[in-house]
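J.: File data.cif below, mmCIF, C-alpha atoms:
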data_work
loop_
_atom_site.label_atom_id
_atom_site.label_comp_id
_atom_site.auth_asym_id
_atom_site.auth_seq_id
_atom_site.Cartn_x
_atom_site.Cartn_y
_atom_site.Cartn_z
CA MET H 1 83.83 123.11 128.88
CA GLN H 2 84.24 122.80 132.61
CA VAL H 3 81.31 121.93 134.86
CA GLU H 4 81.22 121.90 138.65
CA VAL H 5 78.21 120.55 140.51
CA TYR H 6 77.36 121.73 144.01
CA PRO H 7 74.47 120.29 145.96
CA GLU H 8 71.97 122.79 147.28
CA PHE H 9 69.91 122.06 150.35
CA THR H 10 67.13 124.50 151.05
CA ARG H 11 66.32 122.94 154.39
CA LEU H 12 68.45 120.70 156.57
CA PRO H 13 66.84 117.51 157.86
CA SER H 14 66.08 117.62 161.58
CA GLY H 15 68.98 116.63 163.76
CA VAL H 16 71.65 117.66 161.24
CA ALA H 17 74.05 120.26 162.54
CA LYS H 18 74.76 123.36 160.50
CA LYS H 19 78.04 123.46 158.66
CA LYS H 20 80.92 125.06 160.57
CA PRO H 21 82.67 127.97 158.91
CA LYS H 22 85.81 127.00 157.00
CA SER H 23 89.11 127.45 158.75
CA THR H 24 91.56 130.02 157.50
CA LEU H 25 93.84 127.33 156.05
CA ALA H 26 90.92 125.64 154.29
CA GLN H 27 89.80 128.94 152.80
CA ARG H 28 93.32 129.76 151.59
CA THR H 29 93.60 126.31 150.00
CA LEU H 30 90.26 126.73 148.24
CA ASN H 31 91.15 130.25 147.06
CA GLU H 32 94.45 128.99 145.65
CA ALA H 33 92.75 126.12 143.79
CA ASN H 34 90.15 128.51 142.35
CA SER H 35 92.88 130.97 141.34
CA ARG H 36 94.79 128.23 139.50
CA LYS H 37 91.64 127.15 137.65
CA GLU H 38 90.82 130.71 136.66
CA CYS H 39 94.37 131.31 135.39
CA GLU H 40 94.16 128.15 133.28
CA MET H 41 90.80 129.15 131.80
CA VAL H 42 91.94 132.72 131.04
CA ILE H 43 95.12 131.53 129.29
CA ASN H 44 93.28 128.89 127.24
CA ALA H 45 90.55 131.34 126.20
CA ASN H 46 92.70 134.34 125.27
CA PHE H 47 95.96 133.24 123.68
CA THR H 48 96.93 131.60 120.38
CA GLU H 49 100.01 130.12 118.66
CA ASP H 50 100.97 133.68 117.64
CA ASP H 51 101.48 134.72 121.27
CA ASN H 52 104.53 134.44 123.51
CA TRP H 53 105.62 133.11 126.88
CA TYR H 54 108.32 135.02 128.80
CA THR H 55 110.42 134.12 131.82
CA LEU H 56 111.97 137.24 133.34
CA THR H 57 114.76 136.92 135.89
CA PHE H 58 116.41 139.23 138.40
CA GLY H 59 120.16 139.74 138.69
CA SER H 60 121.93 139.35 142.03
CA TYR H 61 121.92 143.09 142.74
CA THR H 62 118.38 143.69 141.42
CA LEU H 63 116.75 140.82 143.34
CA PRO H 64 113.60 142.22 145.00
CA SER H 65 113.41 142.11 148.78
CA SER H 66 109.63 141.62 148.87
CA MET H 67 106.72 140.42 146.77
CA ASP H 68 105.47 144.02 146.56
CA GLU H 69 108.76 145.14 145.04
CA ALA H 70 108.68 142.28 142.51
CA ARG H 71 105.08 143.20 141.61
CA LYS H 72 106.17 146.84 141.12
CA HIS H 73 108.93 145.76 138.72
CA ALA H 74 106.48 143.57 136.76
CA LYS H 75 103.93 146.38 136.49
CA ASN H 76 106.59 148.85 135.38
CA TRP H 77 107.73 146.41 132.68
CA ILE H 78 104.14 146.05 131.42
CA LYS H 79 103.85 149.87 131.35
CA SER H 80 107.04 150.16 129.29
CA VAL H 81 105.79 147.45 126.89
CA ASN H 82 102.53 149.37 126.46
CA ARG H 83 104.39 152.66 125.88
CA LYS H 84 106.44 150.98 123.15
CA ARG H 85 103.32 149.44 121.62
CA LYS H 86 101.51 152.79 121.66
CA ALA H 87 104.47 154.45 119.91
CA LEU H 88 104.19 151.79 117.18
CA GLY H 89 100.42 152.23 116.88
CA LEU H 90 99.62 148.87 118.51
CA PRO H 91 96.83 148.27 121.06
CA PRO H 92 97.68 147.71 124.75
CA ALA H 93 99.12 144.29 125.57
CA LYS H 94 96.93 141.36 126.52
CA TYR H 95 98.84 139.47 129.23
CA VAL H 96 98.81 137.24 132.30
CA TYR H 97 101.80 137.22 134.64
CA VAL H 98 102.70 135.21 137.73
CA ILE H 99 105.54 135.99 140.12
CA GLU H 100 107.29 132.88 141.42
CA TRP H 101 108.44 133.51 144.95
CA SER H 102 109.30 131.23 147.85
CA ASP H 103 108.99 132.28 151.46
CA LYS H 104 111.92 130.95 153.51
CA SER H 105 109.84 131.11 156.69
CA LYS H 106 107.61 128.29 155.43
CA GLY H 107 110.55 125.89 155.36
CA LYS H 108 110.72 125.75 151.57
CA GLN H 109 113.96 125.69 149.67
CA LYS H 110 114.84 129.22 148.54
CA VAL H 111 113.77 129.84 144.94
CA ARG H 112 115.11 132.78 143.03
CA CYS H 113 112.29 135.20 142.34
CA HIS H 114 111.29 135.35 138.67
CA ILE H 115 108.27 136.23 136.57
CA HIS H 116 106.35 134.13 134.06
CA CYS H 117 104.27 136.10 131.58
CA VAL H 118 102.02 135.08 128.70
CA MET H 119 101.52 138.00 126.32
CA ASP H 120 100.05 138.55 122.88
CA GLY H 121 102.63 138.57 120.10
CA ALA H 122 101.92 141.95 118.47
CA LEU H 123 105.34 143.25 119.60
CA SER H 124 108.37 141.09 118.75
CA MET H 125 109.93 138.92 121.45
CA GLU H 126 113.26 140.72 121.10
CA GLU H 127 111.73 144.19 121.56
CA THR H 128 109.66 143.01 124.51
CA LEU H 129 112.61 141.33 126.27
CA ALA H 130 114.82 144.38 125.69
CA LEU H 131 112.49 146.40 127.92
CA TRP H 132 113.23 144.18 130.96
CA LYS H 133 116.17 145.82 132.80
CA HIS H 134 116.49 143.69 135.96
CA GLY H 135 118.17 140.50 134.77
CA GLU H 136 119.97 138.94 131.83
CA ARG H 137 118.96 135.26 131.79
CA ASN H 138 115.52 135.82 130.31
CA HIS H 139 113.67 133.53 127.93
CA ALA H 140 111.01 134.12 125.31
CA ARG H 141 109.26 131.48 123.21
CA ARG H 142 106.13 131.03 121.13
CA LEU H 143 103.23 129.30 122.82
CA ALA H 144 102.99 125.61 121.97
CA PHE H 145 99.56 123.99 122.17
CA ASP H 146 99.07 120.29 122.90
CA GLU H 147 95.93 118.15 123.13
CA ASN H 148 94.90 120.09 126.26
CA GLY H 149 95.54 123.53 124.79
CA LEU H 150 97.73 125.58 127.11
CA SER H 151 96.68 123.82 130.33
CA GLY H 152 100.16 122.38 130.92
CA LEU H 153 101.73 125.85 130.71
CA ALA H 154 99.03 127.34 132.94
CA LYS H 155 99.57 124.66 135.58
CA TYR H 156 103.33 125.18 135.41
CA ILE H 157 103.17 128.92 136.00
#
Please lay out the structure from this file as structure tokens.

T.:
Amino acid sequence: MQVEVYPEFTRLPSGVAKKKPKSTLAQRTLNEANSRKECEMVINANFTEDDNWYTLTFGSYTLPSSMDEARKHAKNWIKSVNRKRKALGLPPAKYVYVIEWSDKSKGKQKVRCHIHCVMDGALSMEETLALWKHGERNHARRLAFDENGLSGLAKYI
């Protein structure tokens, strides 16, 4: 269980200035922290030891030029997985994916774009990986729980 406590003041004491709106950077930082927490909670609540973790790579000539293009490739892969599952009489996939991308303009070292995906294990790892057509150095493994569930994996991705 996770609990967050926020004070609530219905009336400010006299002489206390109202809170200034958050800056854009502060809001982005807060949104990112909340997004990471939500991802961790979703993964811990929805996946078991029977499910899989995939790392999907891009080859040199299939490397996406933008985050939108990488997102399109990820969505198309999920669609092909669901088509295969439907043909086998399986329900649609339960998944969470994150695209790892580094923006050179922010002064970070260039990271090769790749996708991390946690997906239920109804379809075999081999069949699921075979549907990814953009790179060859892909990895699939069963989820491994520790004393904190899948929090370590969630924080990594």

J.: Just how far from CA of Ser124 (chain H) is CA of Gly59 (chain H), in Å to one decimal?

T.: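 Calculated distance between CA of Gly59 (chain H) and CA of Ser124 (chain H) is 23.2 Å.
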
J.: Choose the residue, out of H:Ile99, H:Val81, H:Met67, H:Ile43, that has the smallest atom-to-atom separation from Ser151 (chain H); count only C-alpha atoms.

T.: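 Answer, going by the shortest atom-to-atom distance: H:Ile43.
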
J.: With only C-alpha atoms as the basis for distance, which of H:Thr48, H:Thr62, H:Asn34, H:Asn82 is at the shortest distance from Arg142 (chain H)?

T.: H:Thr48

J.: Got a sec to resolve the PyMOL selection byres ((chain H and resi 126-140) around 6) on this structure and send the residues as a list of chain:residue names?

T.: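 With the shown file as input, the PyMOL selection byres ((chain H and resi 126-140) around 6) matches H:Trp53, H:Tyr54, H:Thr55, H:Leu56, H:Thr57, H:Phe58, H:Gly59, H:Thr62, H:Ser124, H:Met125, H:Arg141.
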
J.: Take the residues from that selection and put them in a file with C-alpha atoms, as an mmCIF file, in the frame of the given file.

T.:
data_model
loop_
_atom_site.group_PDB
_atom_site.id
_atom_site.type_symbol
_atom_site.label_atom_id
_atom_site.label_comp_id
_atom_site.auth_asym_id
_atom_site.auth_seq_id
_atom_site.Cartn_x
_atom_site.Cartn_y
_atom_site.Cartn_z
ATOM 1 C CA TRP H 53 105.620 133.110 126.880
ATOM 2 C CA TYR H 54 108.320 135.020 128.800
ATOM 3 C CA THR H 55 110.420 134.120 131.820
ATOM 4 C CA LEU H 56 111.970 137.240 133.340
ATOM 5 C CA THR H 57 114.760 136.920 135.890
ATOM 6 C CA PHE H 58 116.410 139.230 138.400
ATOM 7 C CA GLY H 59 120.160 139.740 138.690
ATOM 8 C CA THR H 62 118.380 143.690 141.420
ATOM 9 C CA SER H 124 108.370 141.090 118.750
ATOM 10 C CA MET H 125 109.930 138.920 121.450
ATOM 11 C CA ARG H 141 109.260 131.480 123.210
#

J.: Check what the PyMOL selection byres ((chain H and resi 93) around 9) selects in the file above and give those residues as an MDAnalysis selection string.

T.: chainID H and resid 78 81:82 85 90:92 94:95 119:123

J.: May I ask for the distance between CA of Ile157 (chain H) and CA of Ala45 (chain H), given in Å to one decimal place?

T.: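 Atom-to-atom, CA of Ile157 (chain H) and CA of Ala45 (chain H) are spaced 16.2 Å apart.
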
J.: For a cutoff of 7 Å around the file-coordinate point (108.8, 135.2, 143.1), which residues qualify once you count only C-alpha atoms? I'd like the result as JSON, numbers by chain.

T.: {"H": [67, 99, 100, 101, 102, 112, 113, 114, 115]}

J.: Report as a count of residues only the residues that result from applying the PyMOL selection byres ((chain H and resi 150) around 12) to the structure here.

T.: 30

J.: Measure the distance from CA of Asp68 (chain H) to CA of Val96 (chain H) in Å and round it to one decimal.

T.: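 CA of Asp68 (chain H) sits 17.1 Å away from CA of Val96 (chain H).
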